[in-house]
Every structure is written in structure tokens, then in C-alpha cells.
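Text of my_file-v1.txt (compact mmCIF, C-alpha atoms) as supplied:
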```
# COMPACT_ATOMS: atom_id res chain seq x y z
CA MET A 1 1.19 17.09 -14.48
CA LYS A 2 1.23 14.36 -17.12
CA SER A 3 4.06 11.92 -16.46
CA ILE A 4 3.91 9.59 -13.43
CA SER A 5 6.60 7.15 -12.34
CA VAL A 6 5.62 4.29 -10.04
CA ILE A 7 8.43 2.50 -8.21
CA GLY A 8 7.57 -1.12 -7.45
CA SER A 9 5.21 -3.31 -9.45
CA GLY A 10 3.73 -5.47 -6.69
CA THR A 11 0.12 -5.39 -5.51
CA MET A 12 0.12 -1.70 -4.61
CA GLY A 13 2.41 -0.54 -7.42
CA ASN A 14 0.47 -2.18 -10.23
CA GLY A 15 -2.79 -0.93 -8.74
CA ILE A 16 -1.46 2.65 -8.61
CA ALA A 17 -0.17 2.37 -12.19
CA HIS A 18 -3.57 1.00 -13.26
CA VAL A 19 -5.47 3.95 -11.80
CA PHE A 20 -3.16 6.64 -13.19
CA ALA A 21 -3.13 5.09 -16.68
CA GLN A 22 -6.91 4.71 -16.66
CA HIS A 23 -7.24 8.43 -15.92
CA GLY A 24 -5.11 9.51 -18.85
CA TYR A 25 -1.62 9.81 -17.35
CA GLN A 26 1.55 8.48 -18.95
CA VAL A 27 2.95 5.93 -16.48
CA SER A 28 6.50 4.62 -16.13
CA LEU A 29 6.40 1.45 -14.03
CA VAL A 30 9.79 0.58 -12.50
CA ASP A 31 11.01 -2.62 -10.87
CA ILE A 32 14.28 -4.51 -10.55
CA LYS A 33 13.35 -7.48 -12.77
CA SER A 34 11.54 -7.67 -16.11
CA GLU A 35 9.56 -10.72 -14.96
CA PHE A 36 8.08 -8.66 -12.10
CA LEU A 37 6.97 -6.05 -14.62
CA GLU A 38 5.49 -8.66 -16.97
CA LYS A 39 3.50 -10.12 -14.09
CA ALA A 40 2.30 -6.63 -13.13
CA LEU A 41 1.08 -5.85 -16.66
CA ALA A 42 -0.76 -9.18 -16.77
CA THR A 43 -2.43 -8.34 -13.44
CA ILE A 44 -3.44 -4.87 -14.63
CA SER A 45 -4.86 -6.34 -17.85
CA LYS A 46 -6.83 -8.96 -15.89
CA ASN A 47 -8.20 -6.35 -13.49
CA MET A 48 -9.22 -4.10 -16.38
CA ASP A 49 -10.96 -7.07 -18.00
CA ARG A 50 -13.16 -7.25 -14.91
CA GLN A 51 -13.97 -3.56 -15.35
CA VAL A 52 -14.88 -4.17 -19.00
CA THR A 53 -17.14 -7.11 -18.03
CA LYS A 54 -18.90 -4.94 -15.44
CA GLY A 55 -19.36 -2.11 -17.95
CA MET A 56 -17.14 0.28 -15.99
CA ILE A 57 -14.82 0.88 -18.97
CA SER A 58 -14.90 -0.07 -22.64
CA GLN A 59 -12.45 -2.40 -24.39
CA GLU A 60 -11.07 0.65 -26.20
CA GLU A 61 -10.48 2.45 -22.89
CA LYS A 62 -8.69 -0.62 -21.55
CA ASP A 63 -6.43 -0.82 -24.60
CA ALA A 64 -5.66 2.91 -24.43
CA SER A 65 -4.88 2.68 -20.71
CA LEU A 66 -2.47 -0.22 -21.14
CA ALA A 67 -0.76 1.64 -23.98
CA ARG A 68 0.03 4.49 -21.55
CA ILE A 69 2.15 2.22 -19.34
CA SER A 70 5.85 1.80 -20.09
CA THR A 71 8.11 -0.46 -18.04
CA PHE A 72 11.69 0.04 -16.87
CA THR A 73 14.27 -1.91 -14.88
CA SER A 74 16.47 1.20 -14.65
CA LEU A 75 15.38 3.65 -11.96
CA GLU A 76 17.29 6.46 -13.66
CA GLU A 77 15.52 5.90 -17.00
CA GLY A 78 12.15 5.34 -15.36
CA VAL A 79 12.02 8.68 -13.52
CA LYS A 80 13.95 11.05 -15.79
CA ASN A 81 10.78 12.67 -17.18
CA ALA A 82 8.56 12.36 -14.10
CA ASP A 83 6.30 15.13 -12.84
CA LEU A 84 5.37 12.91 -9.88
CA VAL A 85 7.00 9.79 -8.49
CA VAL A 86 5.00 7.35 -6.36
CA GLU A 87 7.24 4.92 -4.47
CA ALA A 88 5.46 1.64 -3.70
CA ALA A 89 8.33 -0.62 -2.70
CA THR A 90 8.45 -3.02 0.24
CA GLU A 91 7.66 -1.48 3.65
CA ASN A 92 11.30 -1.31 4.72
CA MET A 93 12.88 1.88 6.05
CA ALA A 94 16.42 1.31 4.72
CA LEU A 95 15.12 0.40 1.27
CA LYS A 96 12.87 3.45 1.05
CA LEU A 97 15.60 5.83 2.16
CA ASP A 98 17.95 4.40 -0.47
CA ILE A 99 15.28 4.75 -3.17
CA PHE A 100 14.58 8.37 -2.24
CA ARG A 101 18.26 9.28 -2.31
CA GLN A 102 18.35 7.94 -5.88
CA LEU A 103 15.08 9.62 -6.82
CA ASP A 104 16.46 12.94 -5.62
CA GLN A 105 19.44 12.42 -7.90
CA PHE A 106 17.63 11.17 -11.01
CA ALA A 107 14.16 12.80 -11.04
CA PRO A 108 13.71 16.34 -12.45
CA THR A 109 14.19 19.07 -9.87
CA LYS A 110 10.55 20.12 -10.22
CA ALA A 111 9.22 16.61 -9.59
CA ILE A 112 7.17 15.79 -6.51
CA LEU A 113 8.41 12.67 -4.72
CA SER A 114 5.73 10.69 -2.89
CA SER A 115 5.63 7.45 -0.95
CA ASN A 116 2.82 4.95 -0.61
CA THR A 117 4.21 3.94 2.79
CA SER A 118 1.59 2.77 5.25
CA SER A 119 3.48 3.79 8.39
CA ILE A 120 7.05 5.06 7.86
CA SER A 121 7.75 8.72 8.62
CA ILE A 122 7.48 11.01 5.59
CA THR A 123 9.65 13.52 7.46
CA LYS A 124 12.44 10.97 7.76
CA ILE A 125 12.10 9.94 4.11
CA ALA A 126 12.16 13.61 3.03
CA ALA A 127 15.35 14.21 5.03
CA ALA A 128 17.15 11.76 2.72
CA THR A 129 16.62 14.23 -0.15
CA GLN A 130 17.64 17.77 -1.01
CA ARG A 131 13.98 18.68 -1.66
CA PRO A 132 12.06 17.92 1.56
CA SER A 133 9.38 20.49 0.70
CA GLN A 134 8.51 18.36 -2.37
CA VAL A 135 8.19 15.04 -0.50
CA ILE A 136 4.77 13.81 0.58
CA GLY A 137 2.86 10.63 1.40
CA MET A 138 0.20 9.19 -0.91
CA HIS A 139 -1.14 6.18 0.97
CA PHE A 140 -3.51 4.35 -1.38
CA MET A 141 -5.72 1.56 -0.07
CA ASN A 142 -5.76 -2.01 -1.40
CA PRO A 143 -7.20 -2.85 -3.91
CA VAL A 144 -6.24 0.50 -5.42
CA PRO A 145 -8.65 0.48 -8.40
CA VAL A 146 -11.58 -0.10 -6.01
CA MET A 147 -10.85 1.76 -2.78
CA LYS A 148 -11.64 5.49 -2.74
CA LEU A 149 -9.40 6.72 0.07
CA VAL A 150 -5.96 8.28 -0.33
CA GLU A 151 -4.26 9.35 2.90
CA VAL A 152 -2.19 12.41 1.96
CA ILE A 153 0.55 12.72 4.57
CA ARG A 154 2.34 16.01 5.10
CA GLY A 155 5.91 15.70 6.30
CA TYR A 156 7.29 18.37 8.62
CA ALA A 157 8.71 20.29 5.65
CA THR A 158 6.10 19.49 2.97
CA SER A 159 4.94 22.72 1.32
CA ASP A 160 1.34 23.92 1.10
CA GLU A 161 1.66 24.04 -2.69
CA VAL A 162 2.76 20.40 -2.97
CA THR A 163 -0.01 19.30 -0.59
CA LYS A 164 -2.63 21.16 -2.61
CA THR A 165 -1.30 19.69 -5.86
CA VAL A 166 -1.45 16.13 -4.55
CA MET A 167 -4.93 16.61 -3.07
CA THR A 168 -6.18 17.91 -6.44
CA LEU A 169 -4.42 15.12 -8.32
CA SER A 170 -5.99 12.48 -6.06
CA ARG A 171 -9.46 13.87 -6.79
CA ASP A 172 -8.63 13.72 -10.51
CA LEU A 173 -8.15 9.97 -10.01
CA SER A 174 -11.73 9.78 -8.68
CA LYS A 175 -10.35 9.25 -5.17
CA ASP A 176 -11.29 10.94 -1.90
CA PRO A 177 -8.08 12.34 -0.38
CA VAL A 178 -7.78 13.08 3.34
CA GLU A 179 -4.93 15.28 4.57
CA VAL A 180 -3.18 14.04 7.72
CA ASN A 181 -0.03 14.95 9.62
CA ASP A 182 3.08 12.82 9.91
CA TYR A 183 2.91 10.66 13.03
CA PRO A 184 3.53 6.89 13.25
CA GLY A 185 0.81 4.96 11.44
CA PHE A 186 -0.84 8.21 10.30
CA VAL A 187 -4.62 7.73 10.84
CA ALA A 188 -5.61 4.51 9.06
CA ASN A 189 -3.03 2.17 10.53
CA ARG A 190 -2.77 3.88 13.90
CA ILE A 191 -6.38 2.81 14.44
CA LEU A 192 -6.54 -0.37 12.32
CA MET A 193 -3.38 -2.18 13.45
CA PRO A 194 -4.09 -2.08 17.21
CA MET A 195 -7.53 -3.54 16.41
CA ILE A 196 -6.00 -6.35 14.36
CA ASN A 197 -3.38 -6.93 17.05
CA GLU A 198 -6.09 -7.13 19.72
CA ALA A 199 -8.01 -9.64 17.60
CA ILE A 200 -4.84 -11.77 17.40
CA TYR A 201 -4.39 -11.48 21.17
CA THR A 202 -8.04 -12.56 21.59
CA LEU A 203 -7.24 -15.71 19.60
CA PHE A 204 -3.86 -16.20 21.33
CA GLU A 205 -5.48 -16.07 24.78
CA GLY A 206 -8.20 -18.56 23.83
CA VAL A 207 -11.15 -16.20 24.15
CA ALA A 208 -12.63 -17.38 20.84
CA GLY A 209 -11.70 -19.04 17.56
CA VAL A 210 -10.76 -17.44 14.24
CA SER A 211 -14.18 -17.52 12.59
CA GLU A 212 -15.93 -16.57 15.84
CA ILE A 213 -13.78 -13.45 16.27
CA ASP A 214 -14.32 -12.39 12.68
CA THR A 215 -18.06 -13.11 12.84
CA VAL A 216 -18.47 -10.90 15.91
CA MET A 217 -16.80 -7.99 14.13
CA LYS A 218 -18.70 -8.51 10.86
CA LEU A 219 -22.16 -8.95 12.37
CA GLY A 220 -21.77 -6.82 15.48
CA MET A 221 -19.72 -3.92 14.10
CA ALA A 222 -20.75 -4.07 10.42
CA HIS A 223 -17.20 -4.65 9.21
CA PRO A 224 -17.20 -6.10 5.67
CA MET A 225 -14.28 -8.35 6.61
CA GLY A 226 -13.20 -9.64 10.01
CA PRO A 227 -9.88 -8.40 11.43
CA LEU A 228 -8.11 -11.77 11.11
CA GLN A 229 -9.19 -12.22 7.50
CA LEU A 230 -8.18 -8.61 6.83
CA ALA A 231 -4.76 -9.25 8.39
CA ASP A 232 -4.30 -12.20 6.02
CA PHE A 233 -5.32 -10.00 3.09
CA ILE A 234 -2.90 -7.21 4.06
CA GLY A 235 -0.10 -9.68 4.82
CA LEU A 236 0.86 -10.66 8.35
CA ASP A 237 4.43 -9.53 7.70
CA VAL A 238 3.16 -6.08 6.74
CA CYS A 239 0.98 -5.93 9.88
CA LEU A 240 3.99 -6.88 12.01
CA SER A 241 6.16 -4.25 10.34
CA ILE A 242 3.60 -1.51 10.95
CA LEU A 243 3.08 -2.51 14.58
CA ARG A 244 6.82 -2.34 15.13
CA VAL A 245 6.88 1.17 13.65
CA LEU A 246 4.05 2.18 16.01
CA HIS A 247 5.73 0.55 19.01
CA GLU A 248 9.08 2.18 18.30
CA GLY A 249 7.60 5.54 17.30
CA PHE A 250 5.41 6.00 20.37
CA GLY A 251 7.35 3.90 22.88
CA ASN A 252 4.00 2.65 24.17
CA PRO A 253 3.63 -1.06 25.07
CA LYS A 254 0.04 -1.09 23.83
CA TYR A 255 1.42 -1.28 20.28
CA ALA A 256 3.67 -4.30 20.97
CA PRO A 257 2.86 -7.04 18.44
CA CYS A 258 1.24 -10.21 19.75
CA PRO A 259 3.72 -13.12 20.09
CA LEU A 260 1.42 -15.26 17.93
CA LEU A 261 1.76 -12.77 15.07
CA VAL A 262 5.54 -12.73 15.43
CA ASN A 263 5.72 -16.54 15.40
CA MET A 264 3.46 -16.86 12.36
CA VAL A 265 5.53 -14.42 10.34
CA GLU A 266 8.80 -16.06 11.36
CA ALA A 267 7.37 -19.45 10.37
CA GLY A 268 6.35 -18.13 6.94
CA TYR A 269 2.58 -18.09 7.45
CA LYS A 270 1.92 -14.61 6.10
CA GLY A 271 -1.67 -14.86 4.89
CA VAL A 272 -3.05 -14.86 1.36
CA LYS A 273 0.37 -14.33 -0.24
CA THR A 274 1.72 -17.61 1.17
CA GLY A 275 -1.52 -19.61 1.03
CA GLU A 276 -2.01 -19.74 4.78
CA GLY A 277 -2.38 -17.40 7.71
CA PHE A 278 -5.39 -17.49 10.00
CA TYR A 279 -7.22 -19.02 7.05
CA GLN A 280 -6.11 -21.45 4.37
CA TYR A 281 -6.27 -20.26 0.76
CA THR A 282 -6.69 -22.53 -2.26
CA PRO A 283 -6.16 -21.01 -5.73
CA GLY A 284 -9.48 -20.63 -7.54
CA SER A 285 -11.58 -21.12 -4.39
CA LYS A 286 -13.45 -18.34 -2.60
CA GLU A 287 -14.43 -20.54 0.34
CA LEU A 288 -13.16 -19.18 3.65
CA VAL A 289 -11.47 -22.08 5.47
CA VAL A 290 -9.86 -21.69 8.88
CA ALA A 291 -6.23 -22.85 8.86
CA PRO A 292 -5.84 -26.36 10.30
CA ARG A 293 -3.70 -25.15 13.23
CA PHE A 294 -6.64 -23.01 14.42
CA SER A 295 -9.47 -25.44 13.63
```

Please express the file's structure as C-alpha cells.
Amino acid sequence: MKSISVIGSGTMGNGIAHVFAQHGYQVSLVDIKSEFLEKALATISKNMDRQVTKGMISQEEKDASLARISTFTSLEEGVKNADLVVEAATENMALKLDIFRQLDQFAPTKAILSSNTSSISITKIAAATQRPSQVIGMHFMNPVPVMKLVEVIRGYATSDEVTKTVMTLSRDLSKDPVEVNDYPGFVANRILMPMINEAIYTLFEGVAGVSEIDTVMKLGMAHPMGPLQLADFIGLDVCLSILRVLHEGFGNPKYAPCPLLVNMVEAGYKGVKTGEGFYQYTPGSKELVVAPRFS
């Protein structure tokens, strides 16, 4: 397996492309606009510069890694030689199903098709193709170059051979893969999102403030980041989307998203990506400042 196609050049897509290229794979990075791809390459270069500064890679290794990444605005061109495709588009069911129908048409018949989805059913995605045994989940964690975990999600029809191949490949990326079965939220988000949702409810009901809630979880439970700050980092819109998948998938009211979360997303306060969520974010500043509405 030598040729990897990554669909989507946002935060997760460029991180996945970064890691594959750094480990010697030829990467085709695909997105709908050239400016998205240019921004992704700039981000990858900047992140590799940090690795060079820290002595993790040499300047020569950085240059060689970047040279392995080619960009495409045509999905057909970007996947025609792929051994593995990793879809990292927006967490939207209709969009992912449409992408996988096209991947099934354009990617080589031997290619494995994987999704970086954080909650959407791999079984349902696989059913949109004529090769369900070759469809699997590869859920990388953010930031991809740093985080070691890859959740490898087996759909109902995913073959043992494909699962073994993806587990081995993940280890080749210096990651620690964990095989899980296909249920809403898998493992990571089935446990994480209810915790984040409960933290938002704790704020919503006036039990404590933003920094107080996060401090309790950091100092009392040894979490490196409080749940509200983590929600901002993930994106409140992404958290809401995952909670809705859990709520619909299990039909259990305990997964219903907090009304405060719904209102914040509808108002455009989505966390780091918009400059404000539970905290306020100023470019160039690392100071953690509670958003004025929660001060």
C-alpha cells in the first residue's frame, strides 16, 4: 500500500495527509477549491516547522514529506490510483454518502475506502457502495500529528482482511489502533459527548461557571483540558451533530443535546473556529478567557 487519497483538507484532512506523507506514503489531497488546498499545505508546512524546531524531524525530512503531497480539485483524478482512501469531509450524513458513491465509482476496485467520521454509521456508509467488505472507519484524533489513537471501526460487512490491513497500516503511522464495532458514537464519542453535554447542562442550570466546571475536571479528574474548553476545540457544531446521531441512533433521551448548546450553535458561537464559544479566542493569544456572556 503506497498511494493514499485524503478527501477534505480541513483540520482533520490536512493532519491525516501530514502523517501519511511523513511516513513515506504518496498522498493525494482532494478538496473542492484550490484555495482550501493552498491553506492546507501552508498549515502542514507550519506544523512540520514545529516538528523541525523540536528536533522531531529534520528539514530534509520535512521537504521530502511535503514533496509527497499532490493536490486535486477533481475527486475522480484524486482517487484514480489510490490503494486507500480516507474521507475527512464535514460530519454530514448526506454528504458522506454522496462522496462514497463517487469513490466507489472512481477508485480502483482493490482500494479500501475509509471514513474519518466521528459518529456516523460505517455500515450505512458502506451500503452506499458496491464493496461494503472494503469499507471501514479510521477515526483519527485531533491534532492528528500528535494524538496516538486511531479508532478502527468495523462495519457490519467489513472483512477481517481489510480490518487487519488497516490496523497494521495505523501502526506503521506510529499510531495505536483500537478495533471497535459499529454502534452510534463508537467508543470515544459515546463516552466523551455525554460528558461534554452534562458539563453544558451543569452550566445551563447554574451549578457553576465555565472556568469552575473545567477546573473541577482538570484538577479533580486529571483531564488535561476541561470539557467546555474541549468542546470549543472540537467545535460546538460538531458536538451537536454527534449528540444528535447518538440521540437518534439509540432513541435514548439521555443523549438529547442541551438547549444551551443548540442555541449557541444556531447563533454562530461554535468555539475556536469562530473566535467564541464558552471561551473567547484572540489570534496570537494563549490566554484562556471566559466568553463575556458567561463571565

Applying 9 Å and only C-alpha atoms, which residues near region 98-108 of chain A remain after dropping the ones on its own chain fewer than 2 positions away? List them as a list of chain:residue names.
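Returned residues: A:Ile7, A:Leu75, A:Glu76, A:Glu77, A:Gly78, A:Val79, A:Lys80, A:Asn81, A:Ala82, A:Asp83, A:Leu84, A:Val85, A:Glu87, A:Ala89, A:Met93, A:Ala94, A:Leu95, A:Lys96, A:Lys110, A:Ala111, A:Ile112, A:Leu113, A:Ile125, A:Ala126, A:Ala128, A:Thr129, A:Gln130, A:Arg131.
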
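Between Glu38 (chain A) and the residues A:Thr73, A:Arg171, A:Arg50, A:Gln22, the shortest atom-to-atom distance, using all atoms listed in the file, involves A:Thr73.
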
Quick one, how far is CA of Ser114 (chain A) from CA of Ser70 (chain A)?
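Taking CA of Ser114 (chain A) and CA of Ser70 (chain A), their separation equals 19.4 Å.
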
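Take the candidates A:Val289, A:Ala64, A:Leu260, A:Met193 and check each one against Ser119 (chain A) using only C-alpha atoms; the shortest distance goes to A:Met193.
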
Taking the point (1.3, -12.2, 3.2) as given in the file, collect each protein or nucleic acid residue that comes within 9 Å of it, counting all atoms listed in the file, and present the set as a list in words.
Ala231, Asp232, Phe233, Ile234, Gly235, Leu236, Asp237, Val238, Val265, Gly268, Tyr269, Lys270, Gly271, Val272, Lys273, Thr274, Gly275, Glu276 and Gly277 of chain A

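Taking CA of Ala256 (chain A) and CA of Asn197 (chain A) as endpoints, the distance between them is 8.5 Å.
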
Measuring atom to atom with only C-alpha atoms, identify which of A:Leu29, A:Ile4, A:Val207, A:Ile191 is nearest to Tyr255 (chain A).
A:Ile191

For the atom pair CA of Leu173 (chain A) and CA of Thr123 (chain A), what is the interatomic distance in Å to one decimal place?
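Pair CA of Leu173 (chain A) / CA of Thr123 (chain A) returns 25.2 Å.
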
I want to know what sits within 8 Å of Phe186 (chain A), based on only C-alpha atoms, with residues of the same chain fewer than 5 positions away left out; could you give that as a ChimeraX atom specification?
/A:118-119,153,180-181

Of A:Leu192, A:Ala17, A:Ala40, A:Val166, the one nearest to Leu228 (chain A) when counting only C-alpha atoms is A:Leu192

Contacts of Ser133 (chain A) at 9 Å (only C-alpha atoms; same-chain gap of 3+ positions) as a count of residues only
11

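Closest approach to Met56 (chain A) among A:Val86, A:Leu261, A:Val146, A:Ala222: A:Val146, based on only C-alpha atoms.
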
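Minimum distance to Val210 (chain A) across A:His223, A:Lys46, A:Arg293, A:Lys62 (counting all atoms listed in the file) occurs at A:Arg293.
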
As a list in words, please: the residues near Asp172 (chain A) (cut-off 12 Å, all atoms listed in the file, same-chain neighbours under 3 positions excluded).
Met1, Lys2, Val19, Phe20, Ala21, Gln22, His23, Gly24, Tyr25, Lys148, Val150, Thr165, Val166, Met167, Thr168, Leu169, Lys175, Asp176 and Pro177 of chain A

Within 12 Å of Met48 (chain A), counting only C-alpha atoms, which residues qualify if same-chain residues fewer than 4 places away don't, as a PDB file with C-alpha atoms, in the coordinates of the input?
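Okay, this is what ended up in selection23.pdb:
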```pdb
ATOM      1  CA  ASN A  14       0.470  -2.180 -10.230  1.00  0.00           C
ATOM      2  CA  GLY A  15      -2.790  -0.930  -8.740  1.00  0.00           C
ATOM      3  CA  ALA A  17      -0.170   2.370 -12.190  1.00  0.00           C
ATOM      4  CA  HIS A  18      -3.570   1.000 -13.260  1.00  0.00           C
ATOM      5  CA  VAL A  19      -5.470   3.950 -11.800  1.00  0.00           C
ATOM      6  CA  ALA A  21      -3.130   5.090 -16.680  1.00  0.00           C
ATOM      7  CA  GLN A  22      -6.910   4.710 -16.660  1.00  0.00           C
ATOM      8  CA  LEU A  41       1.080  -5.850 -16.660  1.00  0.00           C
ATOM      9  CA  ALA A  42      -0.760  -9.180 -16.770  1.00  0.00           C
ATOM     10  CA  THR A  43      -2.430  -8.340 -13.440  1.00  0.00           C
ATOM     11  CA  ILE A  44      -3.440  -4.870 -14.630  1.00  0.00           C
ATOM     12  CA  VAL A  52     -14.880  -4.170 -19.000  1.00  0.00           C
ATOM     13  CA  THR A  53     -17.140  -7.110 -18.030  1.00  0.00           C
ATOM     14  CA  LYS A  54     -18.900  -4.940 -15.440  1.00  0.00           C
ATOM     15  CA  GLY A  55     -19.360  -2.110 -17.950  1.00  0.00           C
ATOM     16  CA  MET A  56     -17.140   0.280 -15.990  1.00  0.00           C
ATOM     17  CA  ILE A  57     -14.820   0.880 -18.970  1.00  0.00           C
ATOM     18  CA  SER A  58     -14.900  -0.070 -22.640  1.00  0.00           C
ATOM     19  CA  GLN A  59     -12.450  -2.400 -24.390  1.00  0.00           C
ATOM     20  CA  GLU A  60     -11.070   0.650 -26.200  1.00  0.00           C
ATOM     21  CA  GLU A  61     -10.480   2.450 -22.890  1.00  0.00           C
ATOM     22  CA  LYS A  62      -8.690  -0.620 -21.550  1.00  0.00           C
ATOM     23  CA  ASP A  63      -6.430  -0.820 -24.600  1.00  0.00           C
ATOM     24  CA  ALA A  64      -5.660   2.910 -24.430  1.00  0.00           C
ATOM     25  CA  SER A  65      -4.880   2.680 -20.710  1.00  0.00           C
ATOM     26  CA  LEU A  66      -2.470  -0.220 -21.140  1.00  0.00           C
ATOM     27  CA  PRO A 145      -8.650   0.480  -8.400  1.00  0.00           C
ATOM     28  CA  VAL A 146     -11.580  -0.100  -6.010  1.00  0.00           C
TER      29      VAL A 146
END
```

Select all residues near (-6.7, -5.0, 16.2) (cut-off 12 Å, inclusive, file coordinates), counting only C-alpha atoms, and output them as a VMD selection string.
chain A and resid 188 to 203 213 to 214 217 226 to 231 239 to 240 243 254 to 258 261

Take the structure in the block and write a file for region 198-207 of chain A, all heavy atoms, as a PDB file, in the first residue's frame.
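See result_16.pdb below for the written result:
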```pdb
ATOM      1  N   GLU A 198     -23.198  16.959  29.604  1.00  0.00           N
ATOM      2  CA  GLU A 198     -23.525  17.120  31.018  1.00  0.00           C
ATOM      3  C   GLU A 198     -22.838  18.350  31.594  1.00  0.00           C
ATOM      4  O   GLU A 198     -23.404  19.062  32.450  1.00  0.00           O
ATOM      5  CB  GLU A 198     -23.132  15.864  31.799  1.00  0.00           C
ATOM      6  CG  GLU A 198     -23.775  15.761  33.177  1.00  0.00           C
ATOM      7  CD  GLU A 198     -25.298  15.694  33.121  1.00  0.00           C
ATOM      8  OE1 GLU A 198     -25.864  15.143  32.150  1.00  0.00           O
ATOM      9  OE2 GLU A 198     -25.940  16.212  34.072  1.00  0.00           O
ATOM     10  N   ALA A 199     -21.611  18.624  31.130  1.00  0.00           N
ATOM     11  CA  ALA A 199     -20.916  19.840  31.572  1.00  0.00           C
ATOM     12  C   ALA A 199     -21.685  21.085  31.120  1.00  0.00           C
ATOM     13  O   ALA A 199     -21.796  22.068  31.865  1.00  0.00           O
ATOM     14  CB  ALA A 199     -19.494  19.859  31.009  1.00  0.00           C
ATOM     15  N   ILE A 200     -22.232  21.045  29.902  1.00  0.00           N
ATOM     16  CA  ILE A 200     -23.015  22.182  29.393  1.00  0.00           C
ATOM     17  C   ILE A 200     -24.307  22.329  30.188  1.00  0.00           C
ATOM     18  O   ILE A 200     -24.717  23.444  30.531  1.00  0.00           O
ATOM     19  CB  ILE A 200     -23.298  22.010  27.883  1.00  0.00           C
ATOM     20  CG1 ILE A 200     -21.980  21.975  27.098  1.00  0.00           C
ATOM     21  CG2 ILE A 200     -24.174  23.155  27.373  1.00  0.00           C
ATOM     22  CD1 ILE A 200     -22.128  21.600  25.639  1.00  0.00           C
ATOM     23  N   TYR A 201     -24.940  21.199  30.520  1.00  0.00           N
ATOM     24  CA  TYR A 201     -26.135  21.249  31.364  1.00  0.00           C
ATOM     25  C   TYR A 201     -25.798  21.837  32.749  1.00  0.00           C
ATOM     26  O   TYR A 201     -26.588  22.586  33.336  1.00  0.00           O
ATOM     27  CB  TYR A 201     -26.735  19.852  31.539  1.00  0.00           C
ATOM     28  CG  TYR A 201     -27.876  19.541  30.603  1.00  0.00           C
ATOM     29  CD1 TYR A 201     -27.743  18.570  29.617  1.00  0.00           C
ATOM     30  CD2 TYR A 201     -29.087  20.221  30.701  1.00  0.00           C
ATOM     31  CE1 TYR A 201     -28.791  18.272  28.744  1.00  0.00           C
ATOM     32  CE2 TYR A 201     -30.141  19.935  29.845  1.00  0.00           C
ATOM     33  CZ  TYR A 201     -29.990  18.963  28.867  1.00  0.00           C
ATOM     34  OH  TYR A 201     -31.027  18.688  28.012  1.00  0.00           O
ATOM     35  N   THR A 202     -24.632  21.486  33.278  1.00  0.00           N
ATOM     36  CA  THR A 202     -24.205  21.987  34.587  1.00  0.00           C
ATOM     37  C   THR A 202     -24.071  23.502  34.558  1.00  0.00           C
ATOM     38  O   THR A 202     -24.443  24.196  35.518  1.00  0.00           O
ATOM     39  CB  THR A 202     -22.873  21.325  34.999  1.00  0.00           C
ATOM     40  OG1 THR A 202     -23.032  19.905  34.986  1.00  0.00           O
ATOM     41  CG2 THR A 202     -22.444  21.760  36.390  1.00  0.00           C
ATOM     42  N   LEU A 203     -23.575  24.032  33.451  1.00  0.00           N
ATOM     43  CA  LEU A 203     -23.500  25.482  33.259  1.00  0.00           C
ATOM     44  C   LEU A 203     -24.893  26.069  33.062  1.00  0.00           C
ATOM     45  O   LEU A 203     -25.260  27.076  33.676  1.00  0.00           O
ATOM     46  CB  LEU A 203     -22.615  25.785  32.047  1.00  0.00           C
ATOM     47  CG  LEU A 203     -22.513  27.261  31.619  1.00  0.00           C
ATOM     48  CD1 LEU A 203     -21.813  28.086  32.693  1.00  0.00           C
ATOM     49  CD2 LEU A 203     -21.765  27.375  30.286  1.00  0.00           C
ATOM     50  N   PHE A 204     -25.685  25.431  32.206  1.00  0.00           N
ATOM     51  CA  PHE A 204     -27.042  25.879  31.855  1.00  0.00           C
ATOM     52  C   PHE A 204     -27.933  25.994  33.091  1.00  0.00           C
ATOM     53  O   PHE A 204     -28.741  26.922  33.223  1.00  0.00           O
ATOM     54  CB  PHE A 204     -27.627  24.880  30.852  1.00  0.00           C
ATOM     55  CG  PHE A 204     -29.018  25.168  30.362  1.00  0.00           C
ATOM     56  CD1 PHE A 204     -29.336  26.365  29.730  1.00  0.00           C
ATOM     57  CD2 PHE A 204     -30.015  24.206  30.506  1.00  0.00           C
ATOM     58  CE1 PHE A 204     -30.631  26.603  29.269  1.00  0.00           C
ATOM     59  CE2 PHE A 204     -31.309  24.435  30.032  1.00  0.00           C
ATOM     60  CZ  PHE A 204     -31.612  25.652  29.416  1.00  0.00           C
ATOM     61  N   GLU A 205     -27.758  25.061  34.028  1.00  0.00           N
ATOM     62  CA  GLU A 205     -28.600  25.030  35.229  1.00  0.00           C
ATOM     63  C   GLU A 205     -28.029  25.871  36.374  1.00  0.00           C
ATOM     64  O   GLU A 205     -28.591  25.888  37.472  1.00  0.00           O
ATOM     65  CB  GLU A 205     -28.802  23.578  35.668  1.00  0.00           C
ATOM     66  CG  GLU A 205     -29.614  22.769  34.658  1.00  0.00           C
ATOM     67  CD  GLU A 205     -29.639  21.272  34.941  1.00  0.00           C
ATOM     68  OE1 GLU A 205     -28.962  20.847  35.913  1.00  0.00           O
ATOM     69  OE2 GLU A 205     -30.322  20.545  34.205  1.00  0.00           O
ATOM     70  N   GLY A 206     -26.907  26.543  36.122  1.00  0.00           N
ATOM     71  CA  GLY A 206     -26.359  27.456  37.118  1.00  0.00           C
ATOM     72  C   GLY A 206     -25.630  26.807  38.270  1.00  0.00           C
ATOM     73  O   GLY A 206     -25.427  27.426  39.321  1.00  0.00           O
ATOM     74  N   VAL A 207     -25.193  25.579  38.087  1.00  0.00           N
ATOM     75  CA  VAL A 207     -24.479  24.886  39.166  1.00  0.00           C
ATOM     76  C   VAL A 207     -23.110  25.524  39.399  1.00  0.00           C
ATOM     77  O   VAL A 207     -22.668  25.691  40.541  1.00  0.00           O
ATOM     78  CB  VAL A 207     -24.320  23.385  38.840  1.00  0.00           C
ATOM     79  CG1 VAL A 207     -23.538  22.674  39.936  1.00  0.00           C
ATOM     80  CG2 VAL A 207     -25.684  22.731  38.639  1.00  0.00           C
TER      81      VAL A 207
END
```
